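See structure below.
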Amino acid sequence: METGTWELKAGLAQMLKGGVIMDVVTAEQAKIAEDAGACAVMALERVPADIRAAGGVARMSDPTKIVEIQEAVTIPVMAKCRIGHFAEAQVLQALGIDYIDESEVLTPADEEHHVWKHNFKVPFVCGCRDLGEALRRIGEGAAMIRTKGEAGTGDIVEAVRHNRTVQSEIRKIINMSDDELPTEAKRLGAALELVQAVKREGRMPVVNFSAGGVATPADASLMMQLGADGVFVGSGIFKSSNPSMMAKAVVQAVTHYRDPEIVADVSKGLGDAMPGLAVRDMREGELLATRGW
Amino acid sequence: MTVGVVAVQGDFAEHIAMLNRLGVATREVRLPKDLEGIDALIIPGGESTTLRRLFDLYGLTGPITTLASSGLPTWGTCAGMIMLAAKLTDSRPEPLGVMDITVTRNAYGRQVDSFEADVEFPQLGEDPFHAIFIRAPAVAAMGPDVEVLGSLEDGAPVALRQGRRLATAFHPELTEDTRFHRYFLELANPSNEA
C-alpha cells in the first residue's frame with residue numbers, strides 16, 4: 001500500500017473537475033459553499049479583494065481558522081501558502097489540508113524559488129500565466145494548475161488572457177514535430193519530458209482550472225468554453241449581494257456551460273456581482289499575477 | 001449499446017475515454033433528457049456532496065433512482081458508490097438507495113491518507129488490479145444479495161455487485177487497465193440477463 005504518490009495527487013484534482021472551488025473565510029461561508037454545490041473550498045482569513053484593500057504582508061491563514069472550516073464541511077479543504085514558503089506548506093500538511101495552493105495572492109517568501117513540492121504527501125495547485133510557467137510548476141511537483149487571472153478584481157480580462165495563452169501554446173506544441181520540441185522546451189523554460197507529455201496528451205498534463213476574476217455565471221461559462229477544467233471563485237461569491245444564490249448559479253453555469261439557456265436562467269435575479277476593479281486602471285505594482293518565476 | 005456517464009461533476013471524461021477505447025458509444029448525462037435510450041449508466045468519481053446537490057438541482061435524483069432500481073445496469077465509482085448506497089454512516093448527503101450497502105465516506109481520513117493497493121479480483125483473472133483510492137469510502141454493512149468481488153488485505157470489501165449494479169470504492173478509470181470496464185459491459189450486456 002502506497003500513499004502520497006503522484007497518481008493520488010493528480011487523481012484528487014481529477015475528482016474536482018467540472019466543479020467550482022470557492023474562497024471562504026468562516027465555517028458559515030464554507031457551509032454555504034458546500035450547500036451550493038462547491039466541489040472544494042479554499043480556507044482563508046481574507047478573500048483576495050480584502051487582501052488587496054488591507055495591503056501589507058499577506059501570510060498563510062491562522063490554523064484555528066483553517067481547522068474551523070475543516071470541521072464544518074466534508075468536501076476537500078484547500079489552503080494557501082506563500083510562494084517558496086515550504087515551512088508554511090509543512091504546517092498546512094500537518095493540519096491535514098487536502099490541497100495546498102502555493103499562491104501569488106499571498107506575499108512571496110522567496111523571489112527566486114518555489115516550494116519543491118515532490119517532498120510533500122499533500123498535493124499542490126499553482127498558478128500560471130503561460131504554459132512555460134505551468135510546466136515549471138509541474139516539474140516542481142504541482143499536481144494541478146490554475147491560470148492566475150488577476151485575483152480580487154472581479155475583472156475577467158486577465159483570466160481570459162492567461163487561459164488563451166496556455167491553450168494556444170498547447171495547440172502549437174501539438175502541431176510541432178518531435179525534433180522541434182527541445183527548442184520549444186528551452187523557449188518555455190520547461191523540462192523537455194513535460195513538453196513531450198503535452199504533445200502526447202494534447203492538453204496540459206494535469207487538471208487545469210481557471211482563477212482570478214470570475215464574478216458571474218457567464219464568466220464561469222466563458223472560462224469553461226475556453227478550455228478550463230473547472231473554476232476557482234475567490235471574492236466573486238462572498239463579495240456579491242446574495243452569496244448563496246451567486247454560488248449556486250456559478251456552479252450550474254460550470255456544469256451547463258455549453259447550454260446558454262441554462263446560464264441565462266441561473267443569471268436572473270442574482271442582485272449585484274462583486275464591485276470590480278478594472279485591471280487596466282491598476283498600477284504595475286498592484287498586480288498579483290506577476291508574482292511567480 | 002450506449003453507456004450514459006453522469007457528467008455533472010467529477011472524472012466523467014476518464015470513464016468516457018476508457019469506454020471509447022473499448023469501442024462503446026457514450027453519452028454525457030447532465031439533465032433527465034440525457035437518460036433516454038441509454039443501456040447502462042456510470043456515476044463517476046467526484047465529490048459526493050456536490051453530486052447529490054446537483055442531482056437535486058437538475059432533477060436527476062428521481063429518474064436515476066427509478067432506472068437503477070428497475071434494472072438499468074449501473075456502476076458507481078467512489079463518489080458514485082456513495083450515491084448508490086442504501087445508507088451512509090454519517091448524516092449527509094442522502095444516498096439514492098439503489099444498492100443494499102451502508103457506506104462510510106472518507107473512511108481512511110484526509111487526502112494524505114489516500115492510497116494505492118494491488119487487489120485480487122477472481123472475476124478479472126489472476127493478475128491483481130492496481131486500485132487507486134482517493135478519499136475513498138468503505139462498506140460498513142451489506143445485505144444478503146450483495147456479492148463481494150474483492151477486498152483489501154484487512155478484509156475490507158472494495159468492489160461489490162448486486163444483480164446488475166456494481167460499486168467500486170476506487171477508480172479503475174484513472175488506470176490503463178480496462179478489465180473493470182469490460183466486466184461492467186458484460187454485466188450490462190442484455191444477452192447475459194439472468
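Labels used: A, B, ... for chains in the order of the C-alpha cells, numbers from 1 for residues in each chain, and numbers from 1 for ligands as shown.
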Contact table chain A vs chain B, cut-off 6 Å, shortest pair per residue, only C-alpha atoms, as a Markdown table:
| residue | atom | partner | partner_atom | distance |
| --- | --- | --- | --- | --- |
| A:Met1 | CA | B:Ala117 | CA | 4.7 |
| A:Glu2 | CA | B:Glu116 | CA | 5.2 |
| A:Thr3 | CA | B:Phe115 | CA | 4.5 |
| A:Gln14 | CA | B:Asp11 | CA | 5.4 |
| A:Met15 | CA | B:Gly46 | CA | 4.2 |
| A:Leu16 | CA | B:Gly10 | CA | 5.6 |
| A:Lys17 | CA | B:Gly10 | CA | 5.0 |
| A:Gly18 | CA | B:Gln9 | CA | 4.7 |
| A:Gly19 | CA | B:Gln9 | CA | 5.7 |
| A:Gly37 | CA | B:Thr50 | CA | 4.5 |
| A:Cys39 | CA | B:Thr50 | CA | 5.7 |
| A:Asp98 | CA | B:Gln111 | CA | 5.0 |
| A:Lys121 | CA | B:Val112 | CA | 5.8 |
| A:Val122 | CA | B:Val112 | CA | 5.4 |
| A:Thr255 | CA | B:Val8 | CA | 5.5 |
*What's the 8 Å shell around Val24 in chain B, counting only C-alpha atoms, without same-chain residues fewer than 6 positions away, as JSON, numbers by chain?*
{"B": [1, 2, 3]}
*How far is it from CA of Arg137 in chain A to CA of Ala151 in chain A, in Å with one decimal?*
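Separating CA of Arg137 in chain A from CA of Ala151 in chain A is a distance of 18.9 Å.
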*asked:* Using DSSP secondary structure from the backbone, list all strand (DSSP E) positions within range 52-132 of chain B, as a list in words.
replied: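 After running DSSP on the backbone, range 52-132 of chain B has strand (DSSP E) at Thr74, Trp75, Gly76, Thr77, Lys87, Leu88, Ile101, Thr102, Val103, Thr104, Phe115, Glu116, Ala117, Asp118, Val119, Phe129, His130, Ala131 and Ile132 of chain B.
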Saved selection, atoms kept: N, CA, C and O atoms, as a CSV table (one decimal), in the first residue's frame:
chain,number,residue,atom,x,y,z
B,74,THR,N,-26.0,-0.3,-13.7
B,74,THR,CA,-25.5,0.9,-13.1
B,74,THR,C,-24.2,0.7,-12.3
B,74,THR,O,-24.2,-0.3,-11.5
B,75,TRP,N,-23.2,1.5,-12.5
B,75,TRP,CA,-21.9,1.3,-11.8
B,75,TRP,C,-21.5,2.7,-11.2
B,75,TRP,O,-21.5,3.7,-11.9
B,76,GLY,N,-21.2,2.6,-9.9
B,76,GLY,CA,-20.7,3.8,-9.2
B,76,GLY,C,-19.3,3.6,-8.8
B,76,GLY,O,-19.0,2.6,-8.2
B,77,THR,N,-18.4,4.6,-9.1
B,77,THR,CA,-17.0,4.5,-8.6
B,77,THR,C,-16.9,5.6,-7.6
B,77,THR,O,-17.1,6.8,-7.8
B,87,LYS,N,-27.7,3.5,2.6
B,87,LYS,CA,-27.5,4.3,3.9
B,87,LYS,C,-26.0,4.7,4.0
B,87,LYS,O,-25.1,4.0,3.5
B,88,LEU,N,-25.8,5.9,4.6
B,88,LEU,CA,-24.5,6.3,5.0
B,88,LEU,C,-24.4,6.3,6.5
B,88,LEU,O,-25.3,6.5,7.2
B,101,ILE,N,-26.2,-1.6,0.5
B,101,ILE,CA,-25.0,-1.4,1.2
B,101,ILE,C,-25.0,-0.1,2.1
B,101,ILE,O,-25.7,0.8,1.7
B,102,THR,N,-24.3,-0.2,3.2
B,102,THR,CA,-24.1,1.0,4.1
B,102,THR,C,-22.7,1.5,3.9
B,102,THR,O,-21.8,0.6,4.0
B,103,VAL,N,-22.5,2.7,3.7
B,103,VAL,CA,-21.2,3.2,3.3
B,103,VAL,C,-20.7,4.3,4.2
B,103,VAL,O,-21.5,5.2,4.7
B,104,THR,N,-19.4,4.3,4.6
B,104,THR,CA,-18.8,5.4,5.3
B,104,THR,C,-18.0,6.2,4.4
B,104,THR,O,-17.1,5.7,3.7
B,115,PHE,N,-4.6,6.2,-0.9
B,115,PHE,CA,-3.6,5.2,-1.1
B,115,PHE,C,-3.8,4.4,-2.4
B,115,PHE,O,-4.9,4.4,-3.0
B,116,GLU,N,-2.7,3.7,-2.8
B,116,GLU,CA,-2.8,2.7,-3.9
B,116,GLU,C,-2.6,1.3,-3.4
B,116,GLU,O,-1.7,1.2,-2.5
B,117,ALA,N,-3.2,0.4,-3.9
B,117,ALA,CA,-3.0,-1.0,-3.5
B,117,ALA,C,-3.4,-2.0,-4.6
B,117,ALA,O,-4.2,-1.7,-5.4
B,118,ASP,N,-2.7,-3.1,-4.6
B,118,ASP,CA,-3.0,-4.2,-5.6
B,118,ASP,C,-4.0,-5.1,-4.9
B,118,ASP,O,-3.9,-5.6,-3.8
B,119,VAL,N,-5.2,-5.3,-5.6
B,119,VAL,CA,-6.3,-6.0,-5.1
B,119,VAL,C,-6.6,-7.2,-6.0
B,119,VAL,O,-6.6,-7.0,-7.2
B,129,PHE,N,-5.5,-6.2,-9.6
B,129,PHE,CA,-5.8,-4.9,-10.2
B,129,PHE,C,-5.2,-3.8,-9.3
B,129,PHE,O,-5.4,-3.8,-8.1
B,130,HIS,N,-4.5,-2.9,-10.0
B,130,HIS,CA,-3.9,-1.8,-9.2
B,130,HIS,C,-4.9,-0.7,-9.0
B,130,HIS,O,-5.3,0.0,-9.9
B,131,ALA,N,-5.4,-0.7,-7.7
B,131,ALA,CA,-6.5,0.2,-7.4
B,131,ALA,C,-6.1,1.5,-6.7
B,131,ALA,O,-5.2,1.5,-5.8
B,132,ILE,N,-6.7,2.6,-7.2
B,132,ILE,CA,-6.4,3.9,-6.7
B,132,ILE,C,-7.5,4.4,-5.8
B,132,ILE,O,-8.7,4.5,-6.2
Contact table range 12-41 of chain A vs range 49-62 of chain A, cut-off 12 Å, shortest pair per residue, only C-alpha atoms, as JSON lines:
{"residue": "A:Asp23", "atom": "CA", "partner": "A:Ala49", "partner_atom": "CA", "distance": 11.0}
{"residue": "A:Val24", "atom": "CA", "partner": "A:Ser61", "partner_atom": "CA", "distance": 11.5}
{"residue": "A:Val25", "atom": "CA", "partner": "A:Ser61", "partner_atom": "CA", "distance": 9.5}
{"residue": "A:Thr26", "atom": "CA", "partner": "A:Ser61", "partner_atom": "CA", "distance": 11.6}
Those residues you just picked out, can you put them in a file as a PDB file, in the first residue's frame with C-alpha atoms?
ATOM      1  CA  ASP A  23     -12.816  31.005  -1.220  1.00  0.00           C
ATOM      2  CA  VAL A  24     -14.336  31.075   2.279  1.00  0.00           C
ATOM      3  CA  VAL A  25     -13.280  32.844   5.459  1.00  0.00           C
ATOM      4  CA  THR A  26     -15.656  31.332   8.046  1.00  0.00           C
TER       5      THR A  26
END
_Separation of CA of Glu150 in chain A from CA of Val279 in chain A, in Å and rounded to one decimal_ = 7.5 Å
*Distance criterion (only C-alpha atoms): nearest to Gly125 in chain B out of B:Tyr183, B:Asp154, B:Leu166, B:Gly97*: B:Tyr183
*Please identify all polymer residues within 10 Å of Ser240 in chain A, counting only C-alpha atoms, omitting same-chain residues fewer than 3 positions from it, and present them as a list in words.*
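Residues meeting the cut-off are Ala215, Thr216, Ser235, Gly236, Ile237, Pro243, Ser244, Met245, Met246, Ala247, Leu270, Gly271, Asp272, Ala273, Met274 and Pro275 of chain A.
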Let's have the selection written as a PDB file, in the first residue's frame, with N, CA, C and O atoms.
ATOM      1  N   ALA A 215     -16.661  36.506 -11.726  1.00  0.00           N
ATOM      2  CA  ALA A 215     -17.609  37.203 -10.859  1.00  0.00           C
ATOM      3  C   ALA A 215     -19.066  36.900 -11.195  1.00  0.00           C
ATOM      4  O   ALA A 215     -19.959  37.275 -10.435  1.00  0.00           O
ATOM      5  N   THR A 216     -19.328  36.234 -12.319  1.00  0.00           N
ATOM      6  CA  THR A 216     -20.706  35.954 -12.724  1.00  0.00           C
ATOM      7  C   THR A 216     -20.790  34.546 -13.335  1.00  0.00           C
ATOM      8  O   THR A 216     -19.769  33.981 -13.724  1.00  0.00           O
ATOM      9  N   SER A 235     -13.214  36.168  -4.557  1.00  0.00           N
ATOM     10  CA  SER A 235     -14.051  37.189  -3.951  1.00  0.00           C
ATOM     11  C   SER A 235     -15.447  37.215  -4.568  1.00  0.00           C
ATOM     12  O   SER A 235     -16.371  37.781  -3.989  1.00  0.00           O
ATOM     13  N   GLY A 236     -15.596  36.599  -5.746  1.00  0.00           N
ATOM     14  CA  GLY A 236     -16.824  36.704  -6.530  1.00  0.00           C
ATOM     15  C   GLY A 236     -18.082  36.213  -5.841  1.00  0.00           C
ATOM     16  O   GLY A 236     -19.177  36.687  -6.143  1.00  0.00           O
ATOM     17  N   ILE A 237     -17.947  35.265  -4.919  1.00  0.00           N
ATOM     18  CA  ILE A 237     -19.140  34.759  -4.235  1.00  0.00           C
ATOM     19  C   ILE A 237     -19.500  35.638  -3.036  1.00  0.00           C
ATOM     20  O   ILE A 237     -20.574  36.249  -2.988  1.00  0.00           O
ATOM     21  N   PRO A 243     -24.673  35.872  -1.724  1.00  0.00           N
ATOM     22  CA  PRO A 243     -23.659  34.827  -1.934  1.00  0.00           C
ATOM     23  C   PRO A 243     -24.247  33.439  -2.217  1.00  0.00           C
ATOM     24  O   PRO A 243     -23.749  32.730  -3.092  1.00  0.00           O
ATOM     25  N   SER A 244     -25.301  33.053  -1.503  1.00  0.00           N
ATOM     26  CA  SER A 244     -25.835  31.710  -1.679  1.00  0.00           C
ATOM     27  C   SER A 244     -26.362  31.516  -3.103  1.00  0.00           C
ATOM     28  O   SER A 244     -26.077  30.515  -3.763  1.00  0.00           O
ATOM     29  N   MET A 245     -27.121  32.511  -3.577  1.00  0.00           N
ATOM     30  CA  MET A 245     -27.664  32.408  -4.941  1.00  0.00           C
ATOM     31  C   MET A 245     -26.556  32.482  -5.982  1.00  0.00           C
ATOM     32  O   MET A 245     -26.570  31.757  -6.974  1.00  0.00           O
ATOM     33  N   MET A 246     -25.591  33.364  -5.764  1.00  0.00           N
ATOM     34  CA  MET A 246     -24.490  33.506  -6.719  1.00  0.00           C
ATOM     35  C   MET A 246     -23.701  32.204  -6.786  1.00  0.00           C
ATOM     36  O   MET A 246     -23.327  31.738  -7.869  1.00  0.00           O
ATOM     37  N   ALA A 247     -23.470  31.597  -5.610  1.00  0.00           N
ATOM     38  CA  ALA A 247     -22.694  30.356  -5.567  1.00  0.00           C
ATOM     39  C   ALA A 247     -23.400  29.263  -6.373  1.00  0.00           C
ATOM     40  O   ALA A 247     -22.784  28.581  -7.199  1.00  0.00           O
ATOM     41  N   LEU A 270     -29.904  37.742  -9.502  1.00  0.00           N
ATOM     42  CA  LEU A 270     -28.810  37.450  -8.560  1.00  0.00           C
ATOM     43  C   LEU A 270     -28.429  38.643  -7.700  1.00  0.00           C
ATOM     44  O   LEU A 270     -27.619  38.520  -6.797  1.00  0.00           O
ATOM     45  N   GLY A 271     -28.975  39.828  -8.005  1.00  0.00           N
ATOM     46  CA  GLY A 271     -28.521  41.025  -7.294  1.00  0.00           C
ATOM     47  C   GLY A 271     -27.197  41.483  -7.856  1.00  0.00           C
ATOM     48  O   GLY A 271     -26.852  41.175  -9.004  1.00  0.00           O
ATOM     49  N   ASP A 272     -26.406  42.176  -7.028  1.00  0.00           N
ATOM     50  CA  ASP A 272     -25.158  42.746  -7.532  1.00  0.00           C
ATOM     51  C   ASP A 272     -24.019  41.741  -7.459  1.00  0.00           C
ATOM     52  O   ASP A 272     -23.826  41.077  -6.446  1.00  0.00           O
ATOM     53  N   ALA A 273     -23.246  41.663  -8.562  1.00  0.00           N
ATOM     54  CA  ALA A 273     -21.977  40.926  -8.522  1.00  0.00           C
ATOM     55  C   ALA A 273     -21.000  41.747  -7.689  1.00  0.00           C
ATOM     56  O   ALA A 273     -21.295  42.886  -7.303  1.00  0.00           O
ATOM     57  N   MET A 274     -19.836  41.179  -7.399  1.00  0.00           N
ATOM     58  CA  MET A 274     -18.866  41.920  -6.572  1.00  0.00           C
ATOM     59  C   MET A 274     -18.497  43.243  -7.242  1.00  0.00           C
ATOM     60  O   MET A 274     -18.446  43.333  -8.470  1.00  0.00           O
ATOM     61  N   PRO A 275     -18.229  44.293  -6.444  1.00  0.00           N
ATOM     62  CA  PRO A 275     -17.763  45.533  -7.051  1.00  0.00           C
ATOM     63  C   PRO A 275     -16.404  45.255  -7.677  1.00  0.00           C
ATOM     64  O   PRO A 275     -15.565  44.620  -7.058  1.00  0.00           O
TER      65      PRO A 275
END
*Near-Phe121 in chain B list (10 Å; only C-alpha atoms; drop same-chain fewer than 2 positions) as a PyMOL selection string*: chain B and resi 118-119+123-129+148-151+159+180
Output file for the residues above (C-alpha atoms, as a tab-separated table (two decimals), in the first residue's frame):
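Wrote it out as result-v9.tsv, contents follow:
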chain	number	residue	atom	x	y	z
B	118	ASP	CA	-2.99	-4.21	-5.55
B	119	VAL	CA	-6.28	-6.04	-5.07
B	123	GLN	CA	-13.60	-12.50	-11.77
B	124	LEU	CA	-10.98	-10.40	-13.57
B	125	GLY	CA	-8.38	-13.16	-13.81
B	126	GLU	CA	-5.19	-13.97	-11.98
B	127	ASP	CA	-3.38	-10.65	-12.09
B	128	PRO	CA	-4.25	-8.27	-9.27
B	129	PHE	CA	-5.84	-4.92	-10.18
B	148	VAL	CA	-18.12	-9.06	-2.70
B	149	LEU	CA	-15.86	-9.08	-5.77
B	150	GLY	CA	-12.65	-8.19	-3.97
B	151	SER	CA	-11.25	-6.95	-0.67
B	159	ALA	CA	-15.92	-3.88	-5.08
B	180	PHE	CA	-13.29	-3.49	-14.73
*Just the alpha helix (DSSP H) stuff from range 5-242 of chain A, please, per backbone DSSP, written as a PyMOL selection string.*
chain A and resi 6-16+27-36+48-54+63-72+86-94+131-139+157-174+181-188+192-201+217-225+235-238
*Which residues come within 10 Å of range 79-86 of chain A, counting only C-alpha atoms, excluding same-chain residues fewer than 4 positions away, as a PyMOL selection string?*
chain A and resi 23+41-45+58-61+63+66+90-93+97-117+119-120+124-126+291-293
_Contact residues around range 158-171 of chain A with only C-alpha atoms at 10 Å, ignoring same-chain residues under 4 positions, as a ChimeraX atom specification_ = /A:128-134,146-151,153,175-176,184,188,195,198-199,202-204,208-214,219,222-224,226-228,279-280,289
_What's around Pro73 in chain B at 6 Å? Count only C-alpha atoms, leave out sequence neighbours fewer than 4 positions away in its own chain, and write the answer as a list in words._
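Those residues are Ala40, Arg164, Arg165 and Ala188 of chain B.
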*Could you work out how far CA of Thr5 in chain A lies from CA of Leu95 in chain A, giving the answer in Å with one decimal?*
19.0 Å
